[in-house]
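Notes for the one structure printed next.
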Amino acid sequence: MTADLSFARVQPAEAGVDIAPRDVFRALAAIIVVLALLHLLSMPVYVHGMKGADGLHVRAARYFMLQNERSVPTWFSVVLIAMNMVLLVLNGVANHQLRGATSTLSWLSLAAIFAFLSLDEQVTIHEAIGDRIGTAYEVGGFLSFPWIIAGSVFTAIVGFGYLGFLRRLPRRTARLFLLSGGIFVGGALVVEMIEGRTIATFGFGAAYYLLVLIEETMEMLGQALFAFALLDHLALSGRPIRLT
């Protein structure tokens with residue numbers, strides 16, 4: 001009599017957890033609050049004329065001022081916009097699997113726009129364009145940052161170009177897209193126009209750096225809300241991002 005001691009190989013069930021859009025938004029919002037507070041703590045270094053000074057505390061402050069290109073907040077913004085670019089691609093892929101070619105190109109072209117925005121956040125292409133406009137035309141006051149002219153045209157073209165795409169989205173997603181876009185554009189264009197007027201009137205003082213705080217916080221918050229909208233849309237489509 002023999003005993004069969006062999007064991008059948010059992011495939012383990014795949015375990016995982018879906019990434020909750022609300023949790024992602026809360027985490028991003030917490031980081032934005034911390035960066036805003038660090039900007040406030042760093043403001044005295046600039047307001048009291050220590051921009052050209054040296055020292056460990058001065059160098060540390062420069063890395064946390066929201067308007068500086070070589071800073072932690074700028075790096076965070078670049079990563080955040082790039083993350084939204086990836087989420088747009090994932091939404092495009094999910095859309096193609098569910099509905100075929102309908103709206104897939106719109107998702108992917110929007111991802112390309114965000115790739116440009118992420119690059120621009122790092123290398124400041126918009127400022128180079130603004131310098132060209134400022135050289136060609138005499139501007140000031142609310143247009144002290146001339147790139148706002150090109151930025152407004154670009155925003156209008158993208159906005160009108162994607163009206164049909166917004167109509168095809170679920171109402172919840174479309175509203176979140178409009179809200180996040182309004183917050184971002186309100187900071188990037190409207191508040192920056194006020195900054196230009198403030199500089200022309202009062203110079204680079206506390207009022208300007210407080211406006212910078214509002215502007216950059218609105219931009220980051222708009223991107224964070226957009227990330228929530230993209231993750232939420234994936235979940236509504238039955239394609240949530242899962243950690244396994």
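Chain labels run A, B, ... following the order of the structure tokens; each chain numbers its residues from 1, and ligands are numbered from 1 in the order shown.
Near Val33 of chain A, within 12 Å and counting only C-alpha atoms, sit Arg26, Ala27, Leu28, Ala29, Leu37, Leu38, His39, Leu40, Pro73, Leu213, Ile214, Glu216, Thr217, Met218, Met220, Leu221 and Ala224 of chain A; same-chain residues fewer than 4 positions away were not included.
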*Picked from segment 98-196 of chain A by DSSP as helix (DSSP H, G or I), as number ranges by chain*: A: 98-99, 104-123, 125-136, 141-143, 147-161, 163-168, 171-196
Distance table requested - segment 38-133 of chain A against segment 149-158 of chain A, cut-off 10 Å, only C-alpha atoms: one row per qualifying residue with the closest atom pair and its distance in Å to one decimal, ordered by chain and rising residue number, as CSV.
residue,atom,partner,partner_atom,distance
A:Leu110,CA,A:Val158,CA,9.0
A:Ile113,CA,A:Val158,CA,9.1
A:His126,CA,A:Gly151,CA,7.7
A:Ile129,CA,A:Ala150,CA,7.7
A:Gly130,CA,A:Ala150,CA,7.7
A:Ile133,CA,A:Ile149,CA,8.4
Selection file, C-alpha atoms, as a short mmCIF file (atom, residue, chain, number, x, y, z; two decimals), in the first residue's frame:
data_model
loop_
_atom_site.label_atom_id
_atom_site.label_comp_id
_atom_site.auth_asym_id
_atom_site.auth_seq_id
_atom_site.Cartn_x
_atom_site.Cartn_y
_atom_site.Cartn_z
CA LEU A 110 -4.74 66.55 -22.96
CA ILE A 113 -0.65 69.43 -22.91
CA HIS A 126 6.22 81.05 -20.50
CA ILE A 129 7.63 84.12 -24.27
CA GLY A 130 6.71 86.95 -21.90
CA ILE A 133 6.17 90.16 -25.79
#
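One finds atom CA of Tyr162 of chain A at 16.2 Å from atom CA of Asn95 of chain A.
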*Can you pull out every residue within 12 Å of Glu121 of chain A, counting only C-alpha atoms, but drop anything in the same chain fewer than 5 positions away, and send it as a ChimeraX atom specification?*
/A:67-71,73-82,114-116,126-127,188,216,219-220
Keeping N, CA and C atoms, export the residues of the selection given above as a compact mmCIF listing (two decimals), in the first residue's frame.
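Final output, saved to out-v2.txt:
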# COMPACT_ATOMS: atom_id res chain seq x y z
N GLN A 67 7.83 81.38 -5.21
CA GLN A 67 8.07 81.98 -6.52
C GLN A 67 9.41 81.57 -7.12
N ASN A 68 10.29 80.96 -6.34
CA ASN A 68 11.61 80.57 -6.85
C ASN A 68 11.50 79.32 -7.71
N GLU A 69 12.20 79.33 -8.84
CA GLU A 69 12.14 78.18 -9.74
C GLU A 69 12.92 77.00 -9.18
N ARG A 70 14.06 77.26 -8.55
CA ARG A 70 14.86 76.19 -7.96
C ARG A 70 14.47 76.04 -6.50
N SER A 71 13.35 75.40 -6.28
CA SER A 71 12.84 75.28 -4.92
C SER A 71 12.06 73.98 -4.77
N PRO A 73 8.91 73.67 -3.61
CA PRO A 73 7.55 73.79 -4.16
C PRO A 73 7.50 73.62 -5.68
N THR A 74 8.49 74.15 -6.40
CA THR A 74 8.51 74.00 -7.85
C THR A 74 8.68 72.53 -8.23
N TRP A 75 9.57 71.84 -7.52
CA TRP A 75 9.75 70.40 -7.78
C TRP A 75 8.44 69.64 -7.53
N PHE A 76 7.76 69.99 -6.45
CA PHE A 76 6.48 69.33 -6.15
C PHE A 76 5.47 69.59 -7.26
N SER A 77 5.41 70.82 -7.75
CA SER A 77 4.47 71.16 -8.82
C SER A 77 4.78 70.39 -10.10
N VAL A 78 6.06 70.26 -10.42
CA VAL A 78 6.46 69.50 -11.61
C VAL A 78 6.01 68.05 -11.49
N VAL A 79 6.25 67.45 -10.32
CA VAL A 79 5.86 66.05 -10.10
C VAL A 79 4.33 65.90 -10.15
N LEU A 80 3.62 66.86 -9.55
CA LEU A 80 2.16 66.80 -9.50
C LEU A 80 1.55 66.87 -10.91
N ILE A 81 2.05 67.80 -11.72
CA ILE A 81 1.54 67.92 -13.09
C ILE A 81 1.89 66.68 -13.90
N ALA A 82 3.11 66.15 -13.70
CA ALA A 82 3.51 64.93 -14.41
C ALA A 82 2.63 63.75 -13.99
N PHE A 114 -0.42 68.48 -20.68
CA PHE A 114 0.11 68.45 -19.32
C PHE A 114 1.60 68.12 -19.31
N ALA A 115 2.06 67.36 -20.27
CA ALA A 115 3.50 67.13 -20.39
C ALA A 115 4.22 68.45 -20.65
N PHE A 116 3.63 69.28 -21.51
CA PHE A 116 4.20 70.60 -21.78
C PHE A 116 4.16 71.48 -20.53
N HIS A 126 7.17 79.93 -20.46
CA HIS A 126 6.22 81.05 -20.50
C HIS A 126 6.91 82.38 -20.21
N GLU A 127 7.94 82.36 -19.37
CA GLU A 127 8.65 83.60 -19.08
C GLU A 127 9.46 84.08 -20.28
N ALA A 188 -3.02 81.20 -11.77
CA ALA A 188 -1.96 81.43 -12.74
C ALA A 188 -2.12 82.73 -13.52
N GLU A 216 0.32 80.54 -6.02
CA GLU A 216 0.91 79.21 -6.11
C GLU A 216 0.08 78.15 -5.39
N GLU A 219 -2.71 77.24 -7.70
CA GLU A 219 -2.25 76.38 -8.79
C GLU A 219 -2.06 74.95 -8.32
N MET A 220 -1.39 74.77 -7.17
CA MET A 220 -1.17 73.42 -6.66
C MET A 220 -2.48 72.75 -6.26
*Counting only C-alpha atoms, figure out which residue out of A:Glu195, A:Ala111, A:Arg168, A:Pro44 gets nearest to Arg99 of chain A.*
A:Arg168
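The protein and nucleic acid residues lying at most 7 Å from Leu230 of chain A are A:Leu87, A:Leu88, A:Phe226, A:Leu234, with only C-alpha atoms considered and sequence neighbours fewer than 4 positions away removed.
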Selection from above, all heavy atoms, as a compact mmCIF listing (two decimals), in the first residue's frame, can you write it?
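Now in result29.txt:
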# COMPACT_ATOMS: atom_id res chain seq x y z
N LEU A 87 -2.01 60.03 -15.26
CA LEU A 87 -3.41 59.67 -15.01
C LEU A 87 -4.29 59.93 -16.23
O LEU A 87 -5.24 59.18 -16.49
CB LEU A 87 -3.94 60.45 -13.80
CG LEU A 87 -3.37 60.07 -12.44
CD1 LEU A 87 -3.89 60.99 -11.35
CD2 LEU A 87 -3.72 58.62 -12.11
N LEU A 88 -3.97 60.97 -16.99
CA LEU A 88 -4.72 61.23 -18.23
C LEU A 88 -4.49 60.11 -19.24
O LEU A 88 -5.42 59.67 -19.93
CB LEU A 88 -4.29 62.58 -18.82
CG LEU A 88 -4.88 63.82 -18.14
CD1 LEU A 88 -4.09 65.06 -18.53
CD2 LEU A 88 -6.35 63.98 -18.49
N PHE A 226 -7.60 68.15 -9.64
CA PHE A 226 -7.66 67.49 -10.94
C PHE A 226 -7.22 66.03 -10.82
O PHE A 226 -7.80 65.14 -11.47
CB PHE A 226 -6.79 68.23 -11.95
CG PHE A 226 -7.00 67.82 -13.38
CD1 PHE A 226 -8.23 67.96 -13.99
CD2 PHE A 226 -5.96 67.27 -14.11
CE1 PHE A 226 -8.43 67.58 -15.31
CE2 PHE A 226 -6.14 66.88 -15.43
CZ PHE A 226 -7.38 67.03 -16.02
N LEU A 234 -11.58 57.16 -13.14
CA LEU A 234 -11.15 55.78 -13.34
C LEU A 234 -12.00 54.83 -12.51
O LEU A 234 -12.39 53.75 -12.97
CB LEU A 234 -9.67 55.63 -12.96
CG LEU A 234 -8.64 56.14 -13.98
CD1 LEU A 234 -7.26 56.12 -13.38
CD2 LEU A 234 -8.69 55.30 -15.25
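Distance check against Arg22 of chain A using only C-alpha atoms: of A:Val45, A:Leu108, A:Ala227, A:Ile148, the minimum falls on A:Ala227.
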*asked:* Please identify the strand (DSSP E) residues within chain A (assignment by DSSP from backbone atoms) and present them as JSON, numbers by chain.
replied: {"A": [17, 18, 242, 243]}
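The two atoms in question, atom CA of Pro146 of chain A and atom CA of Gly181 of chain A, are spaced 21.2 Å apart.
The residue that comes closest to Val185 of chain A, out of A:Val139, A:Gly159, A:Pro240, A:Leu98 and on the basis of only C-alpha atoms, is A:Gly159.
Atom CA of Val72 of chain A lies 12.3 Å from atom CA of Arg59 of chain A.
Of the residues under consideration (A:Gln223, A:Thr244, A:Thr124, A:Ser180), A:Gln223 shows the shortest atom-to-atom contact distance to Val24 of chain A when counting only C-alpha atoms.
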*Near Thr102 of chain A, within 12 Å and counting only C-alpha atoms, which residues show up once chain neighbours fewer than 6 positions away are dropped, as a VMD selection string?*
chain A and resid 92 to 96 108 164 to 165 168 to 169
